[in-house]
Amino acid sequence: MFPPRSKSVYPVQVKMNKANEKSIHEMLKNTPSMNDSTEVVHTGSEQIKHSTTLTLRNVSNHSLSSPTSVSLEDESAYIKNGSSKLDTFRNWSITTYKCTKQIMLEKLGKSTRTVDLELEAQIDQLKETQKKYLSILRLSRAFTSHFYNCMQSQSLLAETFADLAQKSPELQEEFLRNAETQRILTKNGELLLNALNFFISSINTLCNKTIEDTLLTIRQYELARVEYDAYRVDLEQQRTGSGGSGDSAPPQQKYSNDEIQKKYEKCKEQYEKLRSDIIVKMQFLEENRIKVMHKQLLLFHNAIAAYFAGNANGLEKTLQQFNISLKSPNSVTSSWLEQ
């Protein structure tokens, strides 16, 4: 059990509360009136004056408008720009939907497509030609790579034979003869390698740049053809639904027909333009292809035949005939000081 509390604790607390109340009363008594324009705070013998009036002279000078407000011209320009973007997106969405629908209907056999039989045959032949030329390019690169490795082996053999000729006097003549043969083969191989690299570079330009440029126009032509057919079929369906005459159609339907008619005319013009461009490009491509391949096939034949026949002079003349620089694959360009 705890001992009973002393009764003297409560009177002490009462006295402390009275002392605090007295000090607070004195502080309030010395406080000046709130109606005064200035206050005086008494702290001992010092008096500090300060103003309690809130200065508002600069408030009226500031504009009360929002910082994010814009002028009417800027707002109208912003609205116009936004509406143009929405219109562009709307037209793109409609065109994409119609083209996708046309492609699906063509694959299902439920829609007709515009076909130019002669042009389609030429396009298929061009794609097949590119595929075969790419096969030639791939095989030529593989042959050149294997031939380069063979040249490296021949060069190492020449060095090994020459080293053994110095260390084996009894077989010196045989080793030197083989070393000289491998050196000649390596030298002629460098000439053939230059011819092969020139052949590969020309075929690569023909396949991946010249023919590819025409195929890019063909892809644009095919997309234009799908868009043209999509609006053509849509226009035919609209005319059939309105009884074949736009005068008896309701205003909303008549406006829709006019809009589709304009889009159809635009797509038809684009389609015919790309079609004429393809015909011209394919004519120039055919002439260029024959000229390039005639030169490159002649180079390939003469270089291969001269090398494997051991005709070094014929190989050099072949490279000079086609203006091919005689550069070793392992050669290092000399500095300007040496030149």
# chains A, B, ... in the order shown; residues from 1 in each chain; ligands from 1
$ residues_around --residues "stretch 120-134 of chain A" --least-positions-apart "3" --cutoff "9 Å" --atoms "only C-alpha atoms" --output "VMD selection string"
chain A and resid 115 to 117 137 to 139 203 to 204 206 to 208 211 to 212 215 218 282
$ write_last_selection --atoms "all heavy atoms" --output "tab-separated table (two decimals), in the first residue's frame"
chain	number	residue	atom	x	y	z
A	115	VAL	N	-5.99	-4.59	-112.32
A	115	VAL	CA	-4.83	-5.39	-112.71
A	115	VAL	C	-4.34	-4.92	-114.07
A	115	VAL	O	-5.13	-4.81	-115.02
A	115	VAL	CB	-5.17	-6.89	-112.75
A	115	VAL	CG1	-3.95	-7.69	-113.18
A	115	VAL	CG2	-5.68	-7.36	-111.41
A	116	ASP	N	-3.05	-4.65	-114.16
A	116	ASP	CA	-2.38	-4.40	-115.44
A	116	ASP	C	-1.50	-5.62	-115.71
A	116	ASP	O	-0.42	-5.78	-115.13
A	116	ASP	CB	-1.54	-3.13	-115.35
A	116	ASP	CG	-0.98	-2.70	-116.69
A	116	ASP	OD1	-0.86	-3.56	-117.58
A	116	ASP	OD2	-0.68	-1.51	-116.86
A	117	LEU	N	-1.98	-6.52	-116.57
A	117	LEU	CA	-1.33	-7.82	-116.74
A	117	LEU	C	0.11	-7.67	-117.23
A	117	LEU	O	1.02	-8.34	-116.74
A	117	LEU	CB	-2.14	-8.67	-117.74
A	117	LEU	CG	-3.55	-9.05	-117.28
A	117	LEU	CD1	-4.26	-9.84	-118.36
A	117	LEU	CD2	-3.50	-9.83	-115.97
A	137	LEU	N	25.39	-12.91	-105.74
A	137	LEU	CA	26.17	-12.08	-104.82
A	137	LEU	C	26.60	-12.87	-103.60
A	137	LEU	O	27.76	-12.79	-103.15
A	137	LEU	CB	25.34	-10.86	-104.42
A	137	LEU	CG	25.98	-9.87	-103.46
A	137	LEU	CD1	27.22	-9.25	-104.08
A	137	LEU	CD2	24.98	-8.78	-103.07
A	138	ARG	N	25.70	-13.67	-103.04
A	138	ARG	CA	26.02	-14.46	-101.86
A	138	ARG	C	27.09	-15.51	-102.17
A	138	ARG	O	28.06	-15.67	-101.40
A	138	ARG	CB	24.74	-15.14	-101.34
A	138	ARG	CG	24.95	-16.06	-100.16
A	138	ARG	CD	23.62	-16.61	-99.68
A	138	ARG	NE	22.90	-17.27	-100.77
A	138	ARG	CZ	23.11	-18.52	-101.15
A	138	ARG	NH1	24.05	-19.26	-100.56
A	138	ARG	NH2	22.41	-19.06	-102.14
A	139	LEU	N	26.97	-16.20	-103.28
A	139	LEU	CA	27.95	-17.22	-103.64
A	139	LEU	C	29.30	-16.59	-103.99
A	139	LEU	O	30.36	-17.17	-103.68
A	139	LEU	CB	27.43	-18.04	-104.83
A	139	LEU	CG	26.18	-18.89	-104.54
A	139	LEU	CD1	25.67	-19.54	-105.82
A	139	LEU	CD2	26.49	-19.95	-103.49
A	203	ILE	N	27.78	-5.82	-108.37
A	203	ILE	CA	26.53	-6.59	-108.24
A	203	ILE	C	25.75	-6.12	-107.02
A	203	ILE	O	24.50	-6.02	-107.06
A	203	ILE	CB	26.84	-8.09	-108.14
A	203	ILE	CG1	27.56	-8.58	-109.40
A	203	ILE	CG2	25.56	-8.89	-107.93
A	203	ILE	CD1	26.75	-8.43	-110.66
A	204	ASN	N	26.45	-5.79	-105.94
A	204	ASN	CA	25.78	-5.30	-104.75
A	204	ASN	C	25.08	-3.97	-105.01
A	204	ASN	O	23.94	-3.75	-104.56
A	204	ASN	CB	26.79	-5.15	-103.61
A	204	ASN	CG	26.15	-4.63	-102.35
A	204	ASN	OD1	25.32	-5.28	-101.73
A	204	ASN	ND2	26.54	-3.43	-101.94
A	206	LEU	N	23.98	-2.93	-107.91
A	206	LEU	CA	22.85	-3.20	-108.81
A	206	LEU	C	21.65	-3.77	-108.05
A	206	LEU	O	20.51	-3.35	-108.26
A	206	LEU	CB	23.29	-4.16	-109.91
A	206	LEU	CG	22.21	-4.59	-110.92
A	206	LEU	CD1	21.70	-3.40	-111.70
A	206	LEU	CD2	22.75	-5.67	-111.86
A	207	CYS	N	21.91	-4.72	-107.14
A	207	CYS	CA	20.81	-5.39	-106.43
A	207	CYS	C	20.21	-4.54	-105.32
A	207	CYS	O	18.98	-4.40	-105.23
A	207	CYS	CB	21.31	-6.72	-105.84
A	207	CYS	SG	21.70	-7.97	-107.07
A	208	ASN	N	21.06	-3.98	-104.48
A	208	ASN	CA	20.58	-3.34	-103.26
A	208	ASN	C	20.38	-1.83	-103.38
A	208	ASN	O	19.89	-1.22	-102.42
A	208	ASN	CB	21.57	-3.61	-102.12
A	208	ASN	CG	21.65	-5.08	-101.76
A	208	ASN	OD1	20.64	-5.79	-101.79
A	208	ASN	ND2	22.84	-5.56	-101.44
A	211	ILE	N	18.11	-1.72	-108.29
A	211	ILE	CA	16.85	-2.48	-108.35
A	211	ILE	C	15.97	-2.16	-107.16
A	211	ILE	O	14.74	-2.05	-107.29
A	211	ILE	CB	17.15	-3.99	-108.43
A	211	ILE	CG1	17.91	-4.31	-109.72
A	211	ILE	CG2	15.87	-4.81	-108.35
A	211	ILE	CD1	18.26	-5.78	-109.89
A	212	GLU	N	16.56	-1.97	-106.00
A	212	GLU	CA	15.77	-1.69	-104.78
A	212	GLU	C	15.06	-0.35	-104.88
A	212	GLU	O	13.94	-0.20	-104.36
A	212	GLU	CB	16.69	-1.71	-103.55
A	212	GLU	CG	15.97	-1.66	-102.23
A	212	GLU	CD	15.09	-2.86	-101.99
A	212	GLU	OE1	15.42	-3.95	-102.51
A	212	GLU	OE2	14.05	-2.72	-101.30
A	215	LEU	N	12.02	-1.08	-106.86
A	215	LEU	CA	11.06	-1.86	-106.06
A	215	LEU	C	10.38	-0.99	-105.02
A	215	LEU	O	9.22	-1.24	-104.66
A	215	LEU	CB	11.78	-3.03	-105.40
A	215	LEU	CG	12.25	-4.15	-106.33
A	215	LEU	CD1	13.00	-5.22	-105.55
A	215	LEU	CD2	11.07	-4.77	-107.07
A	218	ILE	N	7.65	0.56	-106.75
A	218	ILE	CA	6.62	-0.46	-107.00
A	218	ILE	C	5.77	-0.68	-105.74
A	218	ILE	O	4.54	-0.84	-105.84
A	218	ILE	CB	7.27	-1.78	-107.45
A	218	ILE	CG1	7.86	-1.61	-108.85
A	218	ILE	CG2	6.29	-2.94	-107.42
A	218	ILE	CD1	8.64	-2.80	-109.35
A	282	MET	N	11.46	1.16	-115.00
A	282	MET	CA	11.80	-0.20	-115.39
A	282	MET	C	12.48	-0.25	-116.76
A	282	MET	O	13.34	-1.11	-117.00
A	282	MET	CB	10.54	-1.07	-115.40
A	282	MET	CG	9.97	-1.31	-114.01
A	282	MET	SD	8.61	-2.48	-113.97
A	282	MET	CE	9.46	-4.00	-114.37
$ residues_around --residues "stretch 287-297 of chain A" --least-positions-apart "2" --cutoff "8 Å" --atoms "only C-alpha atoms" --output "list of chain:residue names"
A:Phe199, A:Ser202, A:Ile203, A:Leu206, A:Gln283, A:Phe284, A:Leu285, A:Leu299, A:Phe300, A:His301
$ atom_distance --atom1 "atom CA of A:Thr114" --atom2 "atom CA of A:Tyr228"
8.7 Å
$ residues_around --residues "A:Glu227" --least-positions-apart "3" --cutoff "9 Å" --atoms "only C-alpha atoms" --output "PyMOL selection string"
chain A and resi 95-96+98-99+102+222-224+230-232+264+267-268+271
$ closest_residue --among "A:Gln182, A:Ser111, A:Gln270, A:Gln238" --to "A:Ser153" --atoms "only C-alpha atoms"
A:Gln182
$ closest_residue --among "A:Phe308, A:Leu216, A:Ser325, A:Val226" --to "A:Met104" --atoms "only C-alpha atoms"
A:Val226
$ residues_around --residues "A:Thr160" --least-positions-apart "3" --cutoff "12 Å" --atoms "only C-alpha atoms" --output "VMD selection string"
chain A and resid 153 to 157 163 to 168 175 to 176 178 to 180 182 to 183
$ closest_residue --among "A:Ile324, A:Tyr148, A:Arg219, A:Gly310" --to "A:Thr181" --atoms "only C-alpha atoms"
A:Gly310
$ closest_residue --among "A:Asn302, A:Asn194, A:Gln237, A:Thr186" --to "A:Asn323" --atoms "only C-alpha atoms"
A:Asn194
$ closest_residue --among "A:Lys273, A:Lys281, A:His146, A:Lys107" --to "A:Gly189" --atoms "only C-alpha atoms"
A:His146
$ atom_distance --atom1 "atom CA of A:Arg90" --atom2 "atom CA of A:Arg275"
27.5 Å
$ closest_residue --among "A:Gln172, A:Asn197, A:Asn91, A:Asn188" --to "A:Ser140" --atoms "only C-alpha atoms"
A:Asn197
